[in-house]
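Written below as structure tokens is the structure these notes are about.
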Amino acid sequence: MKDKPKIGISSCLLGNNVRYNKGHTRDSWIVNELGKYVDFYPICPEVEMGLGVPREEIYLNYEGKNKNSIKIRGRKSHLDYTDLANETYKSIAPPMALSELDGFIFMRKSPSCGTDNVKTVEVSGDGPVTFNTGLFAKFVIDFFPNLPYIDSGRMNNSQLRENFMKRVFASFRFKNLNRDIASLQDFHKRYKYILMEHSPANLKTLGNLAAGNDMKDIELHFDQYEKIFQKSLEAPPTQGGRFNVLQHIMGYLKRDLSKEEKVHILNLFEDYKKNYHLHAVPKSLFEFFIAKFNVTYLQDHYYFNPYPKELKIHQSIA
């Protein structure tokens with residue numbers, strides 16, 4: 001059982017001098033803040049390929065009209081490294097699988113690690129420029145279909161960063177579950193309102209799985225749950241989804257709230273819908289009332305602590 005989530009990461013983002021020009025792209029928030037709460041599994045696929053540091057810069061290309069046959073070549077030598085890359089990725093995959101990653105942060109726009117928008121040119125230079133996924137990133141995404149991932153550019157977007165961290169810590173908690181239906185039901189209960197924010201339709205589907213209906217193999221059952229769960233959380237929730245959850249939670253409190261408190265909360269709801277304040281404001285108020293009135297059903301829900309509050313991600317989330 002792990003003590004912290006483990007995140008695979010492009011090694012250059014940790015400040016390691018592994019880029020083709022012997023440089024790095026250190027991300028201070030990832031290193032100084034996130035690094036306190038997760039363990040990293042750094043990888044530079046080009047170094048793993050044995051290309052060395054420094055090395056010739058590489059790029060993605062296609063030949064002729066076959067835009068779907070992506071290769072990776074040296075920018076000056078035009079040497080084709082595609083077969084070497086694929087064999088290297090196959091050797092990297094088993095250690096990554098054994099490390100039980102909970103997420104991956106890729107270097108943006110890298111021909112190896114970019115998740116999308118990686119410039120791809122026709123090898124002769126005559127064809128149009130297209131944009132694709134880096135070869136290593138594509139391999140990881142295909143090999144680990146349930147793995148949350150993001151690139152370094154999107155980590156600068158507060159909503160996408162928040163959603164990624166939510167999925168990483170969910171993955172960590174899920175992997176640490178005992179493989180029995182009671183544990184799955186408890187996990188589902190504690191993630192109920194997060195799922196409601198993101199996908200009310202999948203909340204019902206996952207509820208049926210958590211009930212253990214038609215279960216034949218526990219590992220396959222858990223894998224099916226995880227696949228739908230992570231898919232449900234891929235996109236950040238809408239304001240409407242969050243407002244719906246706030247209304248559901250208020251239903252557990254309305255018997256205990258005074259008339260003045262109810263009016264205050266309803267006014268807070270209206271202010272939230274008008275974007276006068278952040279989602280964290282009504283959410284924090286509910287935490288106070290849940291503790292005050294000892295609403296035990298809600299006290300252990302991950303909706304209120306999907307990741308360590310010390311990461312301060314919620315401060316900029318609408």
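Scheme for the structure tokens: letters A, B, ... for chains in order shown; per-chain residue numbers from 1; ligand numbers from 1 in order shown.
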If we count only C-alpha atoms, what is near stretch 96-100 of chain A at a cut-off of 9 Å, once residues fewer than 6 positions away on the same chain are taken out, given as a ChimeraX atom specification? /A:5-8,41,144,172,175
Polymer residues at most 7 Å from stretch 228-243 of chain A, only C-alpha atoms, same-chain spacing of 3 or more positions, as a PDB file with N, CA and C atoms, in the first residue's frame:
```
ATOM      1  N   ASN A 146      -6.944   4.054 -18.084  1.00  0.00           N
ATOM      2  CA  ASN A 146      -7.608   4.671 -16.935  1.00  0.00           C
ATOM      3  C   ASN A 146      -6.762   5.740 -16.251  1.00  0.00           C
ATOM      4  N   GLN A 159      -8.577  25.436 -13.454  1.00  0.00           N
ATOM      5  CA  GLN A 159      -9.638  24.431 -13.470  1.00  0.00           C
ATOM      6  C   GLN A 159      -9.121  23.073 -13.918  1.00  0.00           C
ATOM      7  N   LEU A 160      -8.272  23.059 -14.945  1.00  0.00           N
ATOM      8  CA  LEU A 160      -7.735  21.784 -15.427  1.00  0.00           C
ATOM      9  C   LEU A 160      -6.769  21.176 -14.408  1.00  0.00           C
ATOM     10  N   ASN A 163      -8.885  19.680 -11.635  1.00  0.00           N
ATOM     11  CA  ASN A 163      -9.536  18.444 -12.034  1.00  0.00           C
ATOM     12  C   ASN A 163      -8.544  17.285 -12.119  1.00  0.00           C
ATOM     13  N   ARG A 167      -8.545  13.743  -9.846  1.00  0.00           N
ATOM     14  CA  ARG A 167      -8.494  12.407 -10.426  1.00  0.00           C
ATOM     15  C   ARG A 167      -7.290  11.615  -9.900  1.00  0.00           C
ATOM     16  N   GLU A 197     -21.441  16.106  -9.609  1.00  0.00           N
ATOM     17  CA  GLU A 197     -20.972  17.337 -10.256  1.00  0.00           C
ATOM     18  C   GLU A 197     -20.620  17.098 -11.721  1.00  0.00           C
ATOM     19  N   HIS A 198     -19.960  15.984 -11.969  1.00  0.00           N
ATOM     20  CA  HIS A 198     -19.390  15.718 -13.281  1.00  0.00           C
ATOM     21  C   HIS A 198     -20.346  14.990 -14.228  1.00  0.00           C
ATOM     22  N   SER A 199     -20.997  13.947 -13.729  1.00  0.00           N
ATOM     23  CA  SER A 199     -21.803  13.102 -14.612  1.00  0.00           C
ATOM     24  C   SER A 199     -22.907  12.388 -13.839  1.00  0.00           C
ATOM     25  N   ASN A 202     -23.612   8.837 -15.162  1.00  0.00           N
ATOM     26  CA  ASN A 202     -22.660   7.795 -14.768  1.00  0.00           C
ATOM     27  C   ASN A 202     -22.706   7.503 -13.280  1.00  0.00           C
ATOM     28  N   GLN A 224     -13.799  -2.287 -14.393  1.00  0.00           N
ATOM     29  CA  GLN A 224     -14.910  -1.653 -15.099  1.00  0.00           C
ATOM     30  C   GLN A 224     -15.369  -0.396 -14.365  1.00  0.00           C
ATOM     31  N   TYR A 225     -15.438  -0.470 -13.046  1.00  0.00           N
ATOM     32  CA  TYR A 225     -15.827   0.692 -12.247  1.00  0.00           C
ATOM     33  C   TYR A 225     -14.818   1.836 -12.444  1.00  0.00           C
ATOM     34  N   LEU A 246     -24.716  21.502  -4.492  1.00  0.00           N
ATOM     35  CA  LEU A 246     -24.946  22.371  -3.333  1.00  0.00           C
ATOM     36  C   LEU A 246     -26.396  22.270  -2.855  1.00  0.00           C
ATOM     37  N   GLN A 247     -27.325  22.211  -3.785  1.00  0.00           N
ATOM     38  CA  GLN A 247     -28.737  22.085  -3.422  1.00  0.00           C
ATOM     39  C   GLN A 247     -29.012  20.740  -2.741  1.00  0.00           C
TER      40      GLN A 247
END
```
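Proximity to A:Lys216 was assessed for A:Ile181, A:Ser112, A:Glu87, A:Ser158 counting only C-alpha atoms; the smallest distance is recorded for A:Ile181.
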Any idea what's packed within 12 Å of stretch 286-294 of chain A, counting only C-alpha atoms, ignoring anything in its chain fewer than 2 positions away? Could you give it as an mmCIF file with N, CA and C atoms, in the first residue's frame?
```cif
data_model
loop_
_atom_site.group_PDB
_atom_site.id
_atom_site.type_symbol
_atom_site.label_atom_id
_atom_site.label_comp_id
_atom_site.auth_asym_id
_atom_site.auth_seq_id
_atom_site.Cartn_x
_atom_site.Cartn_y
_atom_site.Cartn_z
ATOM 1 N N VAL A 245 -25.229 20.073 -6.857
ATOM 2 C CA VAL A 245 -24.700 19.382 -5.678
ATOM 3 C C VAL A 245 -24.937 20.210 -4.415
ATOM 4 N N LEU A 246 -24.716 21.502 -4.492
ATOM 5 C CA LEU A 246 -24.946 22.371 -3.333
ATOM 6 C C LEU A 246 -26.396 22.270 -2.855
ATOM 7 N N GLN A 247 -27.325 22.211 -3.785
ATOM 8 C CA GLN A 247 -28.737 22.085 -3.422
ATOM 9 C C GLN A 247 -29.012 20.740 -2.741
ATOM 10 N N HIS A 248 -28.385 19.665 -3.251
ATOM 11 C CA HIS A 248 -28.572 18.352 -2.630
ATOM 12 C C HIS A 248 -28.039 18.346 -1.201
ATOM 13 N N ILE A 249 -26.888 18.947 -0.998
ATOM 14 C CA ILE A 249 -26.293 18.957 0.342
ATOM 15 C C ILE A 249 -27.140 19.772 1.302
ATOM 16 N N MET A 250 -27.705 20.872 0.802
ATOM 17 C CA MET A 250 -28.554 21.693 1.667
ATOM 18 C C MET A 250 -29.755 20.891 2.163
ATOM 19 N N GLY A 251 -30.195 19.920 1.367
ATOM 20 C CA GLY A 251 -31.317 19.089 1.785
ATOM 21 C C GLY A 251 -31.057 18.350 3.083
ATOM 22 N N TYR A 252 -29.803 18.028 3.378
ATOM 23 C CA TYR A 252 -29.453 17.346 4.626
ATOM 24 C C TYR A 252 -29.400 18.306 5.812
ATOM 25 N N LEU A 253 -29.411 19.606 5.532
ATOM 26 C CA LEU A 253 -29.235 20.600 6.586
ATOM 27 C C LEU A 253 -30.491 21.398 6.913
ATOM 28 N N LYS A 254 -31.480 21.371 6.010
ATOM 29 C CA LYS A 254 -32.581 22.332 6.129
ATOM 30 C C LYS A 254 -33.397 22.176 7.412
ATOM 31 N N ARG A 255 -33.433 20.985 7.987
ATOM 32 C CA ARG A 255 -34.168 20.812 9.246
ATOM 33 C C ARG A 255 -33.473 21.497 10.410
ATOM 34 N N ASP A 256 -32.153 21.627 10.312
ATOM 35 C CA ASP A 256 -31.385 22.208 11.415
ATOM 36 C C ASP A 256 -31.131 23.703 11.242
ATOM 37 N N LEU A 257 -31.204 24.202 10.034
ATOM 38 C CA LEU A 257 -30.899 25.602 9.768
ATOM 39 C C LEU A 257 -32.031 26.511 10.241
ATOM 40 N N SER A 258 -31.652 27.670 10.774
ATOM 41 C CA SER A 258 -32.654 28.670 11.123
ATOM 42 C C SER A 258 -33.154 29.360 9.858
ATOM 43 N N GLU A 261 -30.468 31.596 8.529
ATOM 44 C CA GLU A 261 -29.374 30.863 7.905
ATOM 45 C C GLU A 261 -29.755 30.388 6.502
ATOM 46 N N LYS A 262 -30.998 29.931 6.365
ATOM 47 C CA LYS A 262 -31.464 29.497 5.044
ATOM 48 C C LYS A 262 -31.458 30.657 4.053
ATOM 49 N N HIS A 264 -29.614 33.296 4.181
ATOM 50 C CA HIS A 264 -28.215 33.638 3.894
ATOM 51 C C HIS A 264 -27.626 32.684 2.850
ATOM 52 N N ILE A 265 -27.897 31.398 3.005
ATOM 53 C CA ILE A 265 -27.355 30.411 2.061
ATOM 54 C C ILE A 265 -27.956 30.605 0.677
ATOM 55 N N LEU A 268 -26.382 33.374 -0.944
ATOM 56 C CA LEU A 268 -25.031 32.950 -1.344
ATOM 57 C C LEU A 268 -25.083 32.169 -2.654
ATOM 58 N N PHE A 269 -26.094 31.327 -2.783
ATOM 59 C CA PHE A 269 -26.285 30.582 -4.031
ATOM 60 C C PHE A 269 -26.455 31.530 -5.219
ATOM 61 N N HIS A 279 -16.642 29.015 -5.883
ATOM 62 C CA HIS A 279 -17.354 27.828 -5.428
ATOM 63 C C HIS A 279 -16.965 27.450 -4.000
ATOM 64 N N ALA A 280 -15.728 27.771 -3.606
ATOM 65 C CA ALA A 280 -15.250 27.393 -2.273
ATOM 66 C C ALA A 280 -16.027 28.087 -1.158
ATOM 67 N N VAL A 281 -16.680 29.211 -1.456
ATOM 68 C CA VAL A 281 -17.379 29.965 -0.399
ATOM 69 C C VAL A 281 -18.590 29.200 0.131
ATOM 70 N N PRO A 282 -19.581 28.842 -0.697
ATOM 71 C CA PRO A 282 -20.689 28.054 -0.143
ATOM 72 C C PRO A 282 -20.257 26.675 0.326
ATOM 73 N N LYS A 283 -19.263 26.114 -0.325
ATOM 74 C CA LYS A 283 -18.760 24.797 0.072
ATOM 75 C C LYS A 283 -18.180 24.846 1.488
ATOM 76 N N SER A 284 -17.416 25.883 1.793
ATOM 77 C CA SER A 284 -16.828 26.025 3.129
ATOM 78 C C SER A 284 -17.897 26.273 4.183
ATOM 79 N N THR A 296 -23.383 13.160 10.154
ATOM 80 C CA THR A 296 -22.355 12.122 10.002
ATOM 81 C C THR A 296 -22.271 11.578 8.574
ATOM 82 N N TYR A 297 -23.404 11.529 7.877
ATOM 83 C CA TYR A 297 -23.396 10.971 6.522
ATOM 84 C C TYR A 297 -22.478 11.752 5.597
ATOM 85 N N LEU A 298 -22.365 13.053 5.824
ATOM 86 C CA LEU A 298 -21.591 13.902 4.916
ATOM 87 C C LEU A 298 -20.156 14.146 5.370
ATOM 88 N N GLN A 299 -19.829 13.782 6.584
ATOM 89 C CA GLN A 299 -18.545 14.181 7.147
ATOM 90 C C GLN A 299 -17.337 13.536 6.480
ATOM 91 N N ASP A 300 -17.513 12.376 5.891
ATOM 92 C CA ASP A 300 -16.364 11.705 5.285
ATOM 93 C C ASP A 300 -16.397 11.738 3.761
ATOM 94 N N HIS A 301 -17.236 12.584 3.188
ATOM 95 C CA HIS A 301 -17.321 12.653 1.728
ATOM 96 C C HIS A 301 -16.111 13.384 1.155
ATOM 97 N N TYR A 302 -15.547 12.827 0.088
ATOM 98 C CA TYR A 302 -14.373 13.431 -0.537
ATOM 99 C C TYR A 302 -14.706 14.733 -1.268
ATOM 100 N N TYR A 303 -15.972 15.032 -1.427
ATOM 101 C CA TYR A 303 -16.377 16.301 -2.033
ATOM 102 C C TYR A 303 -15.712 17.486 -1.328
ATOM 103 N N PHE A 304 -15.521 17.363 -0.023
ATOM 104 C CA PHE A 304 -14.955 18.465 0.752
ATOM 105 C C PHE A 304 -13.430 18.431 0.827
ATOM 106 N N ASN A 305 -12.834 17.295 0.505
ATOM 107 C CA ASN A 305 -11.361 17.218 0.524
ATOM 108 C C ASN A 305 -10.868 16.252 -0.545
#
```
To test your reading of the structure, identify every residue in stretch 31-259 of chain A that backbone DSSP assigns to helix (DSSP H, G or I), and report it as a PyMOL selection string. chain A and resi 31-32+34-36+45-48+82-98+135-143+154-156+158-175+181-190+192-198+200-210+218-232+239-251+259
So, counting only C-alpha atoms, which residue among A:Val123, A:Ile105, A:Ile92, A:Ile30 is closest to A:Gly74?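 Nearest to A:Gly74: A:Val123.
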Å distance separating atom CA of A:Glu219 from atom CA of A:Ala182, one decimal place: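 Spanning atom CA of A:Glu219 to atom CA of A:Ala182 is a straight-line distance of 14.0 Å.
Secondary structure by DSSP on the backbone puts the following residues of stretch 63-247 of chain A in strand (DSSP E or B): Glu63, Asn66, Lys67, Asn68, Ser69, Ile70, Lys71, Ile72, Arg73, Gly74, Asp80, Gly103, Phe104, Ile105, Phe106, Val118, Lys119, Thr120, Val121, Glu122, Thr130, Phe131, Asn132, Tyr149, Ile150 and Asp151 of chain A.
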Now that the selection is made, can you save its residues with N, CA, C and O atoms as a compact mmCIF listing (two decimals), in the first residue's frame?
```txt
# COMPACT_ATOMS: atom_id res chain seq x y z
N GLU A 63 4.86 10.82 -44.20
CA GLU A 63 5.38 10.74 -45.57
C GLU A 63 4.25 10.80 -46.58
O GLU A 63 3.25 10.09 -46.44
N ASN A 66 0.10 10.10 -46.41
CA ASN A 66 -0.26 9.25 -45.27
C ASN A 66 -0.05 10.02 -43.95
O ASN A 66 0.94 9.82 -43.25
N LYS A 67 -1.00 10.88 -43.62
CA LYS A 67 -0.86 11.74 -42.44
C LYS A 67 -1.04 10.99 -41.13
O LYS A 67 -0.76 11.55 -40.06
N ASN A 68 -1.53 9.78 -41.19
CA ASN A 68 -1.77 9.00 -39.97
C ASN A 68 -0.59 8.11 -39.60
O ASN A 68 -0.58 7.51 -38.53
N SER A 69 0.40 8.00 -40.49
CA SER A 69 1.58 7.19 -40.20
C SER A 69 2.68 8.11 -39.68
O SER A 69 3.50 8.64 -40.44
N ILE A 70 2.69 8.32 -38.36
CA ILE A 70 3.59 9.29 -37.75
C ILE A 70 4.90 8.62 -37.38
O ILE A 70 4.94 7.55 -36.77
N LYS A 71 5.99 9.27 -37.75
CA LYS A 71 7.32 8.79 -37.40
C LYS A 71 8.07 9.89 -36.64
O LYS A 71 7.65 11.04 -36.61
N ILE A 72 9.19 9.48 -36.04
CA ILE A 72 10.01 10.43 -35.30
C ILE A 72 11.43 10.38 -35.87
O ILE A 72 12.01 9.31 -36.02
N ARG A 73 11.95 11.54 -36.23
CA ARG A 73 13.25 11.61 -36.91
C ARG A 73 14.14 12.68 -36.29
O ARG A 73 13.67 13.59 -35.59
N GLY A 74 15.44 12.57 -36.60
CA GLY A 74 16.39 13.61 -36.23
C GLY A 74 16.17 14.82 -37.13
O GLY A 74 15.99 14.68 -38.34
N ASP A 80 15.57 7.93 -38.89
CA ASP A 80 14.28 7.46 -38.41
C ASP A 80 14.48 6.71 -37.09
O ASP A 80 15.08 5.64 -37.06
N GLY A 103 -1.16 9.06 -12.11
CA GLY A 103 -1.32 10.15 -13.07
C GLY A 103 -0.03 10.36 -13.82
O GLY A 103 1.01 9.76 -13.49
N PHE A 104 -0.09 11.21 -14.84
CA PHE A 104 1.12 11.52 -15.60
C PHE A 104 1.06 12.98 -16.05
O PHE A 104 0.03 13.45 -16.54
N ILE A 105 2.18 13.69 -15.87
CA ILE A 105 2.32 15.06 -16.34
C ILE A 105 3.35 15.07 -17.46
O ILE A 105 4.52 14.74 -17.24
N PHE A 106 2.91 15.43 -18.66
CA PHE A 106 3.77 15.42 -19.84
C PHE A 106 4.25 16.83 -20.17
O PHE A 106 3.55 17.82 -19.91
N VAL A 118 1.26 18.81 -31.23
CA VAL A 118 2.67 18.65 -31.55
C VAL A 118 2.83 18.82 -33.07
O VAL A 118 2.25 18.06 -33.85
N LYS A 119 3.60 19.80 -33.46
CA LYS A 119 3.78 20.10 -34.88
C LYS A 119 4.35 18.89 -35.61
O LYS A 119 5.34 18.29 -35.20
N THR A 120 3.71 18.55 -36.72
CA THR A 120 4.10 17.38 -37.51
C THR A 120 4.18 17.81 -38.98
O THR A 120 3.22 18.36 -39.52
N VAL A 121 5.33 17.57 -39.61
CA VAL A 121 5.53 18.04 -40.98
C VAL A 121 5.73 16.87 -41.94
O VAL A 121 6.14 15.78 -41.54
N GLU A 122 5.40 17.09 -43.19
CA GLU A 122 5.67 16.10 -44.23
C GLU A 122 7.17 16.00 -44.40
O GLU A 122 7.86 17.03 -44.44
N THR A 130 0.57 19.36 -39.84
CA THR A 130 -0.53 18.83 -39.03
C THR A 130 -0.09 18.84 -37.56
O THR A 130 1.06 19.18 -37.25
N PHE A 131 -1.02 18.47 -36.68
CA PHE A 131 -0.70 18.46 -35.25
C PHE A 131 -1.17 17.14 -34.65
O PHE A 131 -2.29 16.69 -34.92
N ASN A 132 -0.31 16.54 -33.84
CA ASN A 132 -0.57 15.21 -33.31
C ASN A 132 -0.13 15.10 -31.85
O ASN A 132 0.29 16.08 -31.24
N TYR A 149 -4.11 12.10 -17.01
CA TYR A 149 -2.91 12.75 -17.54
C TYR A 149 -3.22 14.19 -17.90
O TYR A 149 -4.37 14.59 -18.07
N ILE A 150 -2.16 14.96 -18.01
CA ILE A 150 -2.26 16.38 -18.34
C ILE A 150 -0.91 16.81 -18.88
O ILE A 150 0.10 16.13 -18.64
N ASP A 151 -0.86 17.91 -19.61
CA ASP A 151 0.45 18.41 -20.03
C ASP A 151 0.82 19.65 -19.22
O ASP A 151 -0.02 20.22 -18.50
```
Please determine, counting only C-alpha atoms, which residue among A:Ile141, A:Asp214, A:Glu33, A:Phe222 has the shortest atom-to-atom distance to A:Phe174. A:Phe222
